[in-house]
$ cat input-v9.cif   # mmCIF, C-alpha atoms
data_data
loop_
_atom_site.group_PDB
_atom_site.id
_atom_site.type_symbol
_atom_site.label_atom_id
_atom_site.label_comp_id
_atom_site.auth_asym_id
_atom_site.auth_seq_id
_atom_site.Cartn_x
_atom_site.Cartn_y
_atom_site.Cartn_z
ATOM 1 C CA MET A 320 162.411 -6.024 -4.218
ATOM 2 C CA PRO A 321 164.733 -3.004 -3.602
ATOM 3 C CA PHE A 322 165.327 -0.525 -6.427
ATOM 4 C CA MET A 323 168.976 -1.615 -6.731
ATOM 5 C CA ASP A 324 167.924 -5.198 -7.454
ATOM 6 C CA LEU A 325 165.319 -3.997 -9.959
ATOM 7 C CA ILE A 326 167.892 -1.772 -11.675
ATOM 8 C CA LYS A 327 170.428 -4.589 -12.006
ATOM 9 C CA LYS A 328 167.702 -6.940 -13.161
ATOM 10 C CA ALA A 329 166.693 -4.380 -15.789
ATOM 11 C CA ILE A 330 170.304 -4.214 -16.999
ATOM 12 C CA PHE A 331 171.280 -7.864 -17.073
ATOM 13 C CA GLU A 332 168.038 -9.600 -18.040
ATOM 14 C CA GLU A 333 167.006 -9.958 -21.664
ATOM 15 C CA GLU A 334 164.328 -7.579 -22.854
ATOM 16 C CA PRO A 335 160.921 -9.311 -22.525
ATOM 17 C CA GLN A 336 158.205 -8.794 -25.059
ATOM 18 C CA ALA A 337 155.734 -6.170 -23.930
ATOM 19 C CA GLN A 338 152.450 -7.629 -22.787
ATOM 20 C CA GLN A 339 149.259 -5.852 -21.977
ATOM 21 C CA PRO A 340 148.368 -6.499 -18.339
ATOM 22 C CA ALA A 341 145.142 -8.360 -17.805
ATOM 23 C CA ARG A 342 142.308 -6.117 -16.685
ATOM 24 C CA PRO A 343 141.065 -7.420 -13.347
ATOM 25 C CA THR A 344 137.362 -7.924 -12.912
ATOM 26 C CA SER A 345 135.934 -5.767 -10.188
ATOM 27 C CA SER A 346 132.839 -5.843 -8.095
ATOM 28 C CA PRO A 347 131.272 -3.070 -6.013
ATOM 29 C CA ALA A 348 132.375 -4.776 -2.827
ATOM 30 C CA ALA A 349 135.980 -5.104 -3.968
ATOM 31 C CA ALA A 350 136.227 -1.667 -5.576
ATOM 32 C CA ARG A 351 138.733 0.837 -4.178
ATOM 33 C CA PRO A 352 137.418 4.280 -5.182
ATOM 34 C CA LEU A 353 140.512 6.030 -3.830
ATOM 35 C CA ASP A 354 142.935 4.081 -6.030
ATOM 36 C CA PRO A 355 144.357 6.257 -8.815
ATOM 37 C CA ALA A 356 143.071 5.615 -12.309
ATOM 38 C CA PRO A 357 145.753 6.876 -14.721
ATOM 39 C CA ALA A 358 145.416 6.572 -18.487
ATOM 40 C CA TYR A 359 146.471 3.112 -19.626
ATOM 41 C CA VAL A 360 150.071 3.014 -20.862
ATOM 42 C CA PRO A 361 151.486 -0.314 -22.082
ATOM 43 C CA MET A 362 154.476 -1.302 -19.979
ATOM 44 C CA GLY A 363 156.878 -4.217 -20.051
ATOM 45 C CA THR A 364 157.431 -6.523 -17.116
ATOM 46 C CA ARG A 365 160.339 -4.453 -15.801
ATOM 47 C CA ASN A 366 158.364 -1.226 -15.770
ATOM 48 C CA ASN A 367 155.586 -3.033 -13.942
ATOM 49 C CA GLN A 368 158.089 -4.135 -11.308
ATOM 50 C CA PHE A 369 159.103 -0.544 -10.701
ATOM 51 C CA TYR A 370 155.462 0.480 -10.601
ATOM 52 C CA THR A 371 154.666 -2.322 -8.150
ATOM 53 C CA ARG A 372 157.469 -1.106 -5.917
ATOM 54 C CA LEU A 373 156.243 2.509 -6.058
ATOM 55 C CA ALA A 374 152.616 1.526 -5.546
ATOM 56 C CA LYS A 375 153.571 -0.470 -2.460
ATOM 57 C CA GLN A 376 155.511 2.478 -1.047
ATOM 58 C CA THR A 377 152.620 4.883 -1.645
ATOM 59 C CA ASP A 378 149.665 2.684 -0.808
ATOM 60 C CA LEU A 379 146.763 4.933 0.149
ATOM 61 C CA SER A 380 145.847 2.771 3.116
ATOM 62 C CA ALA A 381 149.188 3.623 4.737
ATOM 63 C CA VAL A 382 148.033 7.223 5.262
ATOM 64 C CA PRO A 383 145.612 7.399 8.227
ATOM 65 C CA GLU A 384 143.522 10.261 6.770
ATOM 66 C CA LEU A 385 143.094 8.511 3.412
ATOM 67 C CA ALA A 386 142.346 5.184 5.072
ATOM 68 C CA LYS A 387 139.749 6.910 7.279
ATOM 69 C CA ILE A 388 137.881 8.564 4.390
ATOM 70 C CA GLU A 389 137.879 5.240 2.581
ATOM 71 C CA THR A 390 136.406 3.578 5.670
ATOM 72 C CA PHE A 391 133.483 5.991 5.542
ATOM 73 C CA ALA A 392 133.140 5.897 1.743
ATOM 74 C CA ALA A 393 133.280 2.148 1.175
ATOM 75 C CA PRO A 394 129.868 1.353 2.777
ATOM 76 C CA LEU A 395 128.256 4.011 0.562
ATOM 77 C CA ALA A 396 129.505 2.481 -2.733
ATOM 78 C CA SER A 397 126.296 0.527 -3.337
ATOM 79 C CA VAL A 398 124.100 3.427 -2.218
ATOM 80 C CA ILE A 399 125.727 6.465 -3.848
ATOM 81 C CA THR A 400 127.196 5.490 -7.224
ATOM 82 C CA ASP A 401 128.486 8.954 -8.070
ATOM 83 C CA LYS A 402 132.064 9.123 -6.757
ATOM 84 C CA ALA A 403 132.064 12.833 -5.995
ATOM 85 C CA LEU A 404 128.785 12.704 -4.059
ATOM 86 C CA ARG A 405 129.896 9.560 -2.243
ATOM 87 C CA TYR A 406 133.108 11.099 -0.948
ATOM 88 C CA LYS A 407 131.433 14.363 -0.029
ATOM 89 C CA ALA A 408 128.976 12.380 2.066
ATOM 90 C CA ALA A 409 131.807 10.312 3.539
ATOM 91 C CA LEU A 410 133.740 13.467 4.419
ATOM 92 C CA ALA A 411 130.700 15.008 6.109
ATOM 93 C CA THR A 412 130.322 11.882 8.257
ATOM 94 C CA ALA A 413 134.072 11.690 8.952
ATOM 95 C CA GLN A 414 134.140 15.348 9.980
ATOM 96 C CA SER A 415 131.306 14.924 12.440
ATOM 97 C CA GLN A 416 132.506 11.607 13.864
ATOM 98 C CA GLY A 417 136.281 11.664 13.492
ATOM 99 C CA GLY A 418 137.268 15.275 12.946
ATOM 100 C CA LEU A 419 138.611 14.537 9.453
ATOM 101 C CA THR A 420 139.025 17.596 7.208
ATOM 102 C CA LYS A 421 139.534 18.244 3.523
ATOM 103 C CA ASP A 422 142.967 19.761 4.217
ATOM 104 C CA ALA A 423 144.028 16.650 6.124
ATOM 105 C CA ILE A 424 143.033 14.460 3.187
ATOM 106 C CA LEU A 425 144.898 16.625 0.687
ATOM 107 C CA LYS A 426 147.943 16.689 2.960
ATOM 108 C CA GLY A 427 147.751 12.895 2.949
ATOM 109 C CA PHE A 428 148.144 12.915 -0.833
ATOM 110 C CA ASP A 429 150.970 15.430 -0.483
ATOM 111 C CA ALA A 430 152.683 13.016 1.891
ATOM 112 C CA LEU A 431 152.436 10.284 -0.752
ATOM 113 C CA LEU A 432 153.919 12.627 -3.350
ATOM 114 C CA ASN A 433 156.785 13.325 -0.963
ATOM 115 C CA VAL A 434 157.354 9.584 -0.644
ATOM 116 C CA LEU A 435 157.441 9.349 -4.451
ATOM 117 C CA ASN A 436 159.951 12.187 -4.622
ATOM 118 C CA SER A 437 162.110 10.467 -2.026
ATOM 119 C CA SER A 438 161.896 7.211 -3.963
ATOM 120 C CA ALA A 439 162.881 9.055 -7.141
ATOM 121 C CA SER A 440 165.938 10.507 -5.377
ATOM 122 C CA THR A 441 166.922 7.074 -4.095
ATOM 123 C CA PHE A 442 166.405 5.562 -7.541
ATOM 124 C CA ASN A 443 168.496 8.241 -9.245
ATOM 125 C CA LYS A 444 171.294 7.826 -6.710
ATOM 126 C CA GLN A 445 171.316 4.067 -7.142
ATOM 127 C CA THR A 446 171.218 4.280 -10.933
ATOM 128 C CA ASP A 447 174.218 6.605 -10.747
ATOM 129 C CA GLU A 448 176.010 3.995 -8.624
ATOM 130 C CA VAL A 449 175.133 1.237 -11.078
ATOM 131 C CA SER A 450 176.183 3.468 -13.964
ATOM 132 C CA HIS A 451 179.569 3.952 -12.303
ATOM 133 C CA THR A 452 180.136 0.281 -11.514
ATOM 134 C CA GLU A 453 178.418 -1.396 -14.457
ATOM 135 C CA VAL A 454 178.472 1.149 -17.290
ATOM 136 C CA ASP A 455 181.388 3.533 -16.784
ATOM 137 C CA ALA A 456 183.678 0.699 -15.696
ATOM 138 C CA LYS A 457 182.788 -1.315 -18.788
ATOM 139 C CA ILE A 458 183.307 1.739 -21.009
ATOM 140 C CA ALA A 459 186.809 2.018 -19.528
ATOM 141 C CA GLN A 460 187.383 -1.700 -20.161
ATOM 142 C CA ILE A 461 186.188 -1.268 -23.740
ATOM 143 C CA GLY A 462 188.674 1.580 -24.152
ATOM 144 C CA ASP A 463 191.484 -0.630 -22.805
ATOM 145 C CA ILE A 464 190.489 -3.482 -25.109
ATOM 146 C CA ASN A 465 190.330 -1.144 -28.102
ATOM 147 C CA GLU A 466 193.819 0.095 -27.256
ATOM 148 C CA VAL A 467 195.069 -3.502 -27.155
ATOM 149 C CA ILE A 468 193.372 -4.096 -30.505
ATOM 150 C CA ARG A 469 195.101 -1.026 -31.967
ATOM 151 C CA GLN A 470 198.454 -2.261 -30.665
ATOM 152 C CA LYS A 471 197.842 -5.738 -32.075
ATOM 153 C CA GLN A 472 196.772 -4.252 -35.395
ATOM 154 C CA LYS A 473 200.044 -2.267 -35.498
ATOM 155 C CA GLU A 474 201.980 -5.417 -34.690
ATOM 156 C CA ILE A 475 200.113 -7.265 -37.437
ATOM 157 C CA ALA A 476 200.789 -4.429 -39.894
ATOM 158 C CA ASP A 477 204.495 -4.522 -38.967
ATOM 159 C CA LEU A 478 204.584 -8.294 -39.406
ATOM 160 C CA GLN A 479 202.801 -8.022 -42.749
ATOM 161 C CA GLN A 480 205.398 -5.474 -43.867
ATOM 162 C CA GLN A 481 208.143 -7.859 -42.746
ATOM 163 C CA VAL A 482 206.500 -10.645 -44.743
ATOM 164 C CA LYS A 483 206.386 -8.451 -47.857
ATOM 165 C CA SER A 484 210.044 -7.507 -47.382
ATOM 166 C CA MET A 485 211.052 -11.141 -46.882
ATOM 167 C CA GLN A 486 209.021 -12.174 -49.915
ATOM 168 C CA ALA A 487 210.876 -9.602 -52.020
ATOM 169 C CA GLN A 488 214.208 -10.808 -50.624
ATOM 170 C CA THR A 489 213.163 -14.385 -51.337
ATOM 171 C CA GLU A 490 212.412 -13.541 -54.965
ATOM 172 C CA VAL A 491 215.812 -11.859 -55.326
ATOM 173 C CA SER A 492 217.545 -14.838 -53.714
ATOM 174 C CA ARG A 493 215.625 -17.280 -55.909
ATOM 175 C CA SER A 494 216.535 -15.302 -59.017
ATOM 176 C CA LYS A 495 220.209 -15.145 -58.073
ATOM 177 C CA LEU A 496 220.248 -18.843 -57.221
ATOM 178 C CA GLN A 497 218.751 -19.717 -60.589
ATOM 179 C CA GLU A 498 221.306 -17.466 -62.285
ATOM 180 C CA ALA A 499 224.079 -19.262 -60.392
ATOM 181 C CA LYS A 500 222.698 -22.641 -61.499
ATOM 182 C CA ASN A 501 222.575 -21.502 -65.104
ATOM 183 C CA ASN A 502 226.130 -20.096 -64.937
ATOM 184 C CA PHE A 503 227.403 -23.301 -63.370
ATOM 185 C CA ALA A 504 225.697 -25.444 -65.988
ATOM 186 C CA ALA A 505 227.189 -23.312 -68.768
ATOM 187 C CA ALA A 506 230.627 -23.406 -67.154
ATOM 188 C CA LEU A 507 230.328 -27.157 -66.685
ATOM 189 C CA GLU A 508 229.475 -27.778 -70.312
ATOM 190 C CA ARG A 509 232.213 -25.399 -71.475
ATOM 191 C CA ARG A 510 234.878 -27.025 -69.357
ATOM 192 C CA ARG A 511 233.685 -30.514 -70.295
ATOM 193 C CA ALA A 512 233.931 -29.611 -73.957
ATOM 194 C CA GLU A 513 237.422 -28.202 -73.401
ATOM 195 C CA ILE A 514 238.624 -31.312 -71.613
ATOM 196 C CA GLN A 515 237.101 -33.577 -74.257
ATOM 197 C CA GLN A 516 238.806 -31.528 -76.982
ATOM 198 C CA GLN A 517 242.155 -31.710 -75.194
ATOM 199 C CA ARG A 518 241.714 -35.465 -74.763
ATOM 200 C CA LYS A 519 241.208 -35.875 -78.464
ATOM 201 C CA GLU A 520 244.301 -33.764 -79.171
ATOM 202 C CA PHE A 521 246.449 -35.858 -76.814
ATOM 203 C CA GLU A 522 244.975 -39.045 -78.239
ATOM 204 C CA THR A 523 246.072 -37.903 -81.708
ATOM 205 C CA ILE A 524 249.507 -36.699 -80.544
ATOM 206 C CA LEU A 525 250.277 -39.838 -78.613
ATOM 207 C CA GLY A 526 249.078 -42.030 -81.503
#
$ encode --input "input-v9.cif" --output "structure tokens"
Amino acid sequence: MPFMDLIKKAIFEEEPQAQQPARPTSSPAAARPLDPAPAYVPMGTRNNQFYTRLAKQTDLSAVPELAKIETFAAPLASVITDKALRYKAALATAQSQGGLTKDAILKGFDALLNVLNSSASTFNKQTDEVSHTEVDAKIAQIGDINEVIRQKQKEIADLQQQVKSMQAQTEVSRSKLQEAKNNFAAALERRRAEIQQQRKEFETILG
């Protein structure tokens, strides 16, 4: 799987729980003495995918000099158990039969390191691309959304102020309306009493 796919998978997939990789059982016949043996570092599935990609790109068998020394060393695994002695013996045989040298072997490892450096450059370039398209673009979108939120919050604050103003006006209107009702009721009773009094006067006058 290309680095770009692994990068996007690392971004969009949920974080898996870290699991310790199972230690494969080995036998002398299946052993690969040239394989690197780094200190064990727990890695999640994603990290393992990157490692698998790098290991495939820098497989020792892809370098002719390293594959050749392994060809001479492998048959000696059951005879010479000490790794250093085994490869010294293999190199002596390879030098006499195939012209292999120590410098050629070391240059083979240097070639693998160069491949790693190239892969690192490619990875960094692709992560920058993903950062631009998936991270920076989303940061810009977040900024736009936050600006919309600020505008909406201002609109809400303005509307809330309008509500408060209208509530105050409503209270004033309600108070004035109640005052008008009270004044009308008082005027009504006053005028009714006046008319009733005048009626009684006319009733008395007219006999």
$ atom_distance --input "input-v9.cif" --atom1 "atom CA of A:Thr412" --atom2 "atom CA of A:Thr390"
10.6 Å
$ resolve_selection --input "input-v9.cif" --expression "the PyMOL selection byres ((chain A and resi 416-433) around 7)" --output "VMD selection string"
chain A and resid 377 382 384 to 385 412 to 415 434 to 437
$ atom_distance --input "input-v9.cif" --atom1 "atom CA of A:Asn367" --atom2 "atom CA of A:Thr441"
18.1 Å
$ resolve_selection --input "input-v9.cif" --expression "the PyMOL selection byres ((chain A and resi 391) around 9)" --output "list in words"
Ala386, Lys387, Ile388, Glu389, Thr390, Ala392, Ala393, Pro394, Leu395, Tyr406, Ala408, Ala409, Leu410, Thr412 and Ala413 of chain A
$ write_last_selection --input "input-v9.cif" --atoms "C-alpha atoms" --output "mmCIF file, keeping the file's coordinate frame"
data_model
loop_
_atom_site.group_PDB
_atom_site.id
_atom_site.type_symbol
_atom_site.label_atom_id
_atom_site.label_comp_id
_atom_site.auth_asym_id
_atom_site.auth_seq_id
_atom_site.Cartn_x
_atom_site.Cartn_y
_atom_site.Cartn_z
ATOM 1 C CA ALA A 386 142.346 5.184 5.072
ATOM 2 C CA LYS A 387 139.749 6.910 7.279
ATOM 3 C CA ILE A 388 137.881 8.564 4.390
ATOM 4 C CA GLU A 389 137.879 5.240 2.581
ATOM 5 C CA THR A 390 136.406 3.578 5.670
ATOM 6 C CA ALA A 392 133.140 5.897 1.743
ATOM 7 C CA ALA A 393 133.280 2.148 1.175
ATOM 8 C CA PRO A 394 129.868 1.353 2.777
ATOM 9 C CA LEU A 395 128.256 4.011 0.562
ATOM 10 C CA TYR A 406 133.108 11.099 -0.948
ATOM 11 C CA ALA A 408 128.976 12.380 2.066
ATOM 12 C CA ALA A 409 131.807 10.312 3.539
ATOM 13 C CA LEU A 410 133.740 13.467 4.419
ATOM 14 C CA THR A 412 130.322 11.882 8.257
ATOM 15 C CA ALA A 413 134.072 11.690 8.952
#
